[in-house]
Amino acid sequence: MLSVRKLFLDIHDNDEAFRLLCTLTAAGQTGCGWANERIAARVTDPELALRISRHGAEGNEHARVFHTLLRGRSLEAAPLCADLDYMAQLEQRGLGVPHRRLRDARPLCEEDVIAHLSRSRVTEQRGAAELRLMRKALAQRPDTHRALTSITRGEQRHLAHAHGELLRLADGDRRRSALVRRSLRRTALAEIRVHRDVSLAVVSRMGAILGWSWARKRLLGSGIRVTYLFERCGGWRRLTGLRTSPPGRRDALGRAVAAGPRGRR
Ligand SMILES: [Fe+2]
């Protein structure tokens with residue numbers, strides 16, 4: 001019987017599979033840290049810059065935690081192939097602020113900030129959900145479970161931050177509100193494709209490492225494709241809702257941002 005718990009325990013208890021899992025999660029956090037640090041330096045609102053900078057610092061800290069878990073088993077990060085690189089694929093699809101723009105010191109415009117926060121809103125929800133799943137499955141592995149507990153809380157804070165900032169930007173300004181909605185929709189529809197493609201590549205790689213049967217790989221691949229179809233047919237909206245999704249604390253990364261009546265909970 002295939003269970004999520006057994007799947008994660010098998011991955012955790014195999015050095016090569018654990019190495020790949022930690023490499024993938026650390027790379028995502030490093031990418032988040034890198035982009036947020038540069039965006040913070042190019043945002044004109046100093047309070048927003050401070051919160052984005054905190055987000056970047058926490059992303060880098062999370063990446064360090066995964067590297068510490070690797071070192072604890074005398075492992076090093078694995079090389080990251082392009083088909084497994086979630087952050088690089090998001091960038092290739094034009095989500096967030098392009099890296100070439102982040103190497104330019106000029107301040108970002110409003111559209112850039114909205115694109116960045118939309119990407120954060122969508123990817124932090126994805127990341128928080130996956131970490132919660134992993135944390136629950138690895139409750140019997142205390143060191144990893146402790147690390148995942150702290151990182152999951154951080155991801156929930158990042159989601160709350162992106163959610164709150166977008167609410168503030170959209171509040172009381174119809175043009176900006178439409179811009180935020182368009183940006184979130186575009187981001188979510190592209191992200192679900194990237195997530196499907198990377199997940200299929202991860203299953204293929206993990207299957208080769210752990211010697212999974214053809215039937216098990218087929219079952220997991222089908223699950224990923226069905227999830228994509230569900231998301232393509234409307235499930236993507238849960239990654240973008242600004243009124244109904246549970247963002248947690250509005251002031252997750254610093255001083256509370258103002259929100260209009262529609263955003264109040
Ligand atoms: Fe995050």
# chains A, B, ... in the order shown; residues from 1 in each chain; ligands from 1
$ residues_near_ligand --ligand "ligand 1" --cutoff "7 Å" --atoms "only C-alpha atoms and all ligand atoms" --output "list in words"
Gln29, Cys32, His55, Gly59, Glu124, Gly154, Glu155 and His158 of chain A
$ closest_atom_pairs --of "segment 111-141 of chain A" --to "segment 194-200 of chain A" --cutoff "12 Å" --atoms "only C-alpha atoms" --output "JSON lines"
{"residue": "A:Val122", "atom": "CA", "partner": "A:His195", "partner_atom": "CA", "distance": 11.2}
{"residue": "A:Thr123", "atom": "CA", "partner": "A:His195", "partner_atom": "CA", "distance": 9.7}
{"residue": "A:Arg126", "atom": "CA", "partner": "A:His195", "partner_atom": "CA", "distance": 9.0}
{"residue": "A:Gly127", "atom": "CA", "partner": "A:His195", "partner_atom": "CA", "distance": 10.7}
{"residue": "A:Glu130", "atom": "CA", "partner": "A:His195", "partner_atom": "CA", "distance": 11.5}
$ write_last_selection --atoms "C-alpha atoms" --output "short mmCIF file (atom, residue, chain, number, x, y, z; two decimals), in the first residue's frame"
data_model
loop_
_atom_site.label_atom_id
_atom_site.label_comp_id
_atom_site.auth_asym_id
_atom_site.auth_seq_id
_atom_site.Cartn_x
_atom_site.Cartn_y
_atom_site.Cartn_z
CA VAL A 122 1.68 31.50 -5.24
CA THR A 123 4.99 29.76 -4.51
CA ARG A 126 2.83 25.72 -2.62
CA GLY A 127 5.97 25.51 -0.46
CA GLU A 130 4.48 20.64 0.74
#
$ residues_around --residues "Val113 of chain A" --least-positions-apart "5" --cutoff "8 Å" --atoms "only C-alpha atoms" --output "JSON, numbers by chain"
{"A": [43, 97, 108]}
$ closest_residue --among "A:Ile151, A:Pro46, A:Asp10, A:Gln125" --to "Arg64 of chain A" --atoms "only C-alpha atoms"
A:Ile151
$ atom_distance --atom1 "atom CA of Leu102 of chain A" --atom2 "atom CA of Thr25 of chain A"
22.4 Å
$ closest_residue --among "A:Ala128, A:Leu117, A:Leu239, A:Leu69" --to "Ala188 of chain A" --atoms "only C-alpha atoms"
A:Leu239
$ residues_around --residues "Ala208 of chain A" --least-positions-apart "5" --cutoff "12 Å" --atoms "only C-alpha atoms" --output "PyMOL selection string"
chain A and resi 11+16-17+20+201-203+213-214+216-217
$ residues_around --residues "Glu76 of chain A" --least-positions-apart "6" --cutoff "12 Å" --atoms "only C-alpha atoms" --output "list of chain:residue names"
A:Asp15, A:Glu16, A:Phe18, A:Arg19, A:Leu20, A:Leu21, A:Cys22, A:Thr23, A:Ala26, A:Phe66, A:His67, A:Thr68, A:Leu69, A:Leu70
$ residues_around --residues "Thr149 of chain A" --least-positions-apart "6" --cutoff "12 Å" --atoms "only C-alpha atoms" --output "list of chain:residue names"
A:His62, A:Val65, A:Ala128, A:Leu131, A:Arg132, A:Leu133, A:Met134, A:Arg135, A:Lys136, A:Ala137, A:Leu138, A:Ala139, A:Arg141, A:Pro142, A:Asp143, A:Glu155, A:Gln156
$ write_last_selection --atoms "all heavy atoms" --output "compact mmCIF listing (two decimals), in the first residue's frame"
# COMPACT_ATOMS: atom_id res chain seq x y z
N HIS A 62 16.74 29.25 5.92
CA HIS A 62 16.14 27.93 5.68
C HIS A 62 17.06 27.05 4.82
O HIS A 62 17.19 25.85 5.05
CB HIS A 62 14.78 28.08 4.98
CG HIS A 62 13.73 28.71 5.86
ND1 HIS A 62 12.51 29.12 5.40
CD2 HIS A 62 13.74 29.00 7.18
CE1 HIS A 62 11.80 29.64 6.39
NE2 HIS A 62 12.54 29.58 7.48
N VAL A 65 19.62 25.54 6.95
CA VAL A 65 19.12 24.42 7.77
C VAL A 65 19.17 23.11 6.95
O VAL A 65 19.59 22.07 7.46
CB VAL A 65 17.68 24.70 8.26
CG1 VAL A 65 17.09 23.48 8.95
CG2 VAL A 65 17.67 25.89 9.22
N ALA A 128 4.60 26.01 1.50
CA ALA A 128 4.09 25.78 2.85
C ALA A 128 3.30 24.46 2.89
O ALA A 128 3.45 23.66 3.82
CB ALA A 128 3.22 26.95 3.31
N LEU A 131 5.76 21.46 2.63
CA LEU A 131 6.55 21.28 3.87
C LEU A 131 5.68 20.72 4.99
O LEU A 131 6.14 19.90 5.78
CB LEU A 131 7.18 22.61 4.27
CG LEU A 131 8.44 22.95 3.46
CD1 LEU A 131 8.75 24.44 3.55
CD2 LEU A 131 9.63 22.13 3.92
N ARG A 132 4.42 21.15 5.05
CA ARG A 132 3.51 20.62 6.07
C ARG A 132 3.34 19.10 5.91
O ARG A 132 3.38 18.34 6.86
CB ARG A 132 2.14 21.29 5.97
CG ARG A 132 1.99 22.54 6.84
CD ARG A 132 0.53 22.89 7.07
NE ARG A 132 -0.24 23.01 5.84
CZ ARG A 132 -0.30 24.10 5.09
NH1 ARG A 132 0.34 25.18 5.46
NH2 ARG A 132 -1.02 24.13 3.99
N LEU A 133 3.20 18.71 4.64
CA LEU A 133 3.03 17.29 4.31
C LEU A 133 4.27 16.49 4.73
O LEU A 133 4.18 15.44 5.37
CB LEU A 133 2.82 17.18 2.79
CG LEU A 133 2.27 15.89 2.23
CD1 LEU A 133 0.84 15.69 2.67
CD2 LEU A 133 2.34 15.93 0.69
N MET A 134 5.43 17.04 4.38
CA MET A 134 6.70 16.38 4.69
C MET A 134 6.89 16.29 6.20
O MET A 134 7.30 15.27 6.73
CB MET A 134 7.83 17.23 4.07
CG MET A 134 9.00 16.42 3.59
SD MET A 134 10.43 17.43 3.18
CE MET A 134 9.87 18.51 1.93
N ARG A 135 6.59 17.38 6.88
CA ARG A 135 6.76 17.43 8.34
C ARG A 135 5.89 16.37 9.02
O ARG A 135 6.33 15.66 9.91
CB ARG A 135 6.40 18.84 8.82
CG ARG A 135 6.48 19.01 10.31
CD ARG A 135 5.98 20.38 10.74
NE ARG A 135 5.77 20.36 12.17
CZ ARG A 135 4.65 19.98 12.77
NH1 ARG A 135 3.60 19.61 12.04
NH2 ARG A 135 4.55 19.95 14.08
N LYS A 136 4.64 16.28 8.57
CA LYS A 136 3.71 15.32 9.16
C LYS A 136 4.20 13.87 8.90
O LYS A 136 4.17 13.03 9.79
CB LYS A 136 2.33 15.51 8.52
CG LYS A 136 1.20 14.92 9.30
CD LYS A 136 -0.13 15.36 8.74
CE LYS A 136 -1.22 14.42 9.22
NZ LYS A 136 -2.41 14.49 8.42
N ALA A 137 4.70 13.64 7.69
CA ALA A 137 5.14 12.29 7.33
C ALA A 137 6.39 11.88 8.10
O ALA A 137 6.62 10.69 8.33
CB ALA A 137 5.39 12.21 5.83
N LEU A 138 7.22 12.85 8.49
CA LEU A 138 8.51 12.53 9.11
C LEU A 138 8.51 12.76 10.63
O LEU A 138 9.55 13.02 11.23
CB LEU A 138 9.62 13.34 8.44
CG LEU A 138 9.85 13.01 6.96
CD1 LEU A 138 10.90 13.91 6.34
CD2 LEU A 138 10.25 11.54 6.78
N ALA A 139 7.33 12.62 11.22
CA ALA A 139 7.22 12.85 12.68
C ALA A 139 8.11 11.89 13.47
O ALA A 139 8.53 12.21 14.58
CB ALA A 139 5.76 12.68 13.11
N ARG A 141 11.14 11.04 12.73
CA ARG A 141 12.57 11.35 12.52
C ARG A 141 12.83 12.71 13.18
O ARG A 141 12.73 13.76 12.54
CB ARG A 141 12.90 11.41 11.02
CG ARG A 141 12.60 10.13 10.26
CD ARG A 141 13.53 9.00 10.70
NE ARG A 141 13.31 7.79 9.94
CZ ARG A 141 12.45 6.82 10.29
NH1 ARG A 141 11.71 6.92 11.39
NH2 ARG A 141 12.34 5.73 9.54
N PRO A 142 13.14 12.70 14.51
CA PRO A 142 13.09 13.93 15.31
C PRO A 142 13.93 15.11 14.80
O PRO A 142 13.45 16.24 14.81
CB PRO A 142 13.57 13.48 16.70
CG PRO A 142 13.76 12.02 16.64
CD PRO A 142 13.51 11.52 15.27
N ASP A 143 15.17 14.85 14.33
CA ASP A 143 16.01 15.98 13.89
C ASP A 143 15.40 16.67 12.68
O ASP A 143 15.27 17.90 12.64
CB ASP A 143 17.42 15.48 13.54
CG ASP A 143 18.17 15.07 14.80
OD1 ASP A 143 17.68 15.37 15.91
OD2 ASP A 143 19.24 14.43 14.67
N GLU A 155 7.58 29.54 6.34
CA GLU A 155 6.90 29.60 5.04
C GLU A 155 5.49 30.17 5.19
O GLU A 155 5.00 30.92 4.35
CB GLU A 155 6.85 28.22 4.40
CG GLU A 155 8.21 27.68 4.02
CD GLU A 155 9.00 28.65 3.15
OE1 GLU A 155 8.65 28.85 2.00
OE2 GLU A 155 9.98 29.23 3.65
N GLN A 156 4.86 29.81 6.31
CA GLN A 156 3.52 30.34 6.57
C GLN A 156 3.59 31.87 6.75
O GLN A 156 2.72 32.61 6.29
CB GLN A 156 2.94 29.65 7.81
CG GLN A 156 1.44 29.75 7.95
CD GLN A 156 0.68 29.14 6.78
OE1 GLN A 156 1.04 28.08 6.28
NE2 GLN A 156 -0.37 29.82 6.32
$ atom_distance --atom1 "atom CA of Leu219 of chain A" --atom2 "atom CA of Val4 of chain A"
12.5 Å
$ closest_residue --among "A:Arg243, A:His116, A:Arg185, A:Arg42" --to "Leu95 of chain A" --atoms "only C-alpha atoms"
A:His116
$ closest_residue --among "A:Leu24, A:His161, A:Asn14, A:Asp171" --to "Asp83 of chain A" --atoms "only C-alpha atoms"
A:Leu24
$ atom_distance --atom1 "atom CA of Tyr86 of chain A" --atom2 "atom CA of Pro107 of chain A"
26.4 Å
$ select_by_dssp --residues "segment 8-213 of chain A" --states "alpha helix (DSSP H)" --output "JSON, numbers by chain"
{"A": [8, 9, 10, 11, 12, 13, 15, 16, 17, 18, 19, 20, 21, 22, 23, 24, 25, 26, 27, 28, 29, 30, 31, 32, 33, 34, 35, 36, 37, 38, 39, 40, 46, 47, 48, 49, 50, 51, 52, 53, 54, 55, 56, 57, 58, 59, 60, 61, 62, 63, 64, 65, 66, 67, 68, 69, 70, 71, 72, 86, 87, 88, 89, 90, 91, 92, 99, 100, 101, 102, 110, 111, 112, 113, 114, 115, 116, 117, 118, 119, 120, 121, 122, 123, 124, 125, 126, 127, 128, 129, 130, 131, 132, 133, 134, 135, 136, 137, 142, 143, 144, 145, 146, 147, 148, 149, 150, 151, 152, 153, 154, 155, 156, 157, 158, 159, 160, 161, 162, 163, 164, 165, 166, 167, 168, 169, 170, 174, 175, 176, 177, 178, 179, 180, 181, 182, 183, 184, 185, 186, 187, 188, 189, 190, 191, 192, 193, 194, 195, 196, 197, 198, 199, 200, 201, 202, 203, 204, 205, 206, 207, 208, 209, 210]}
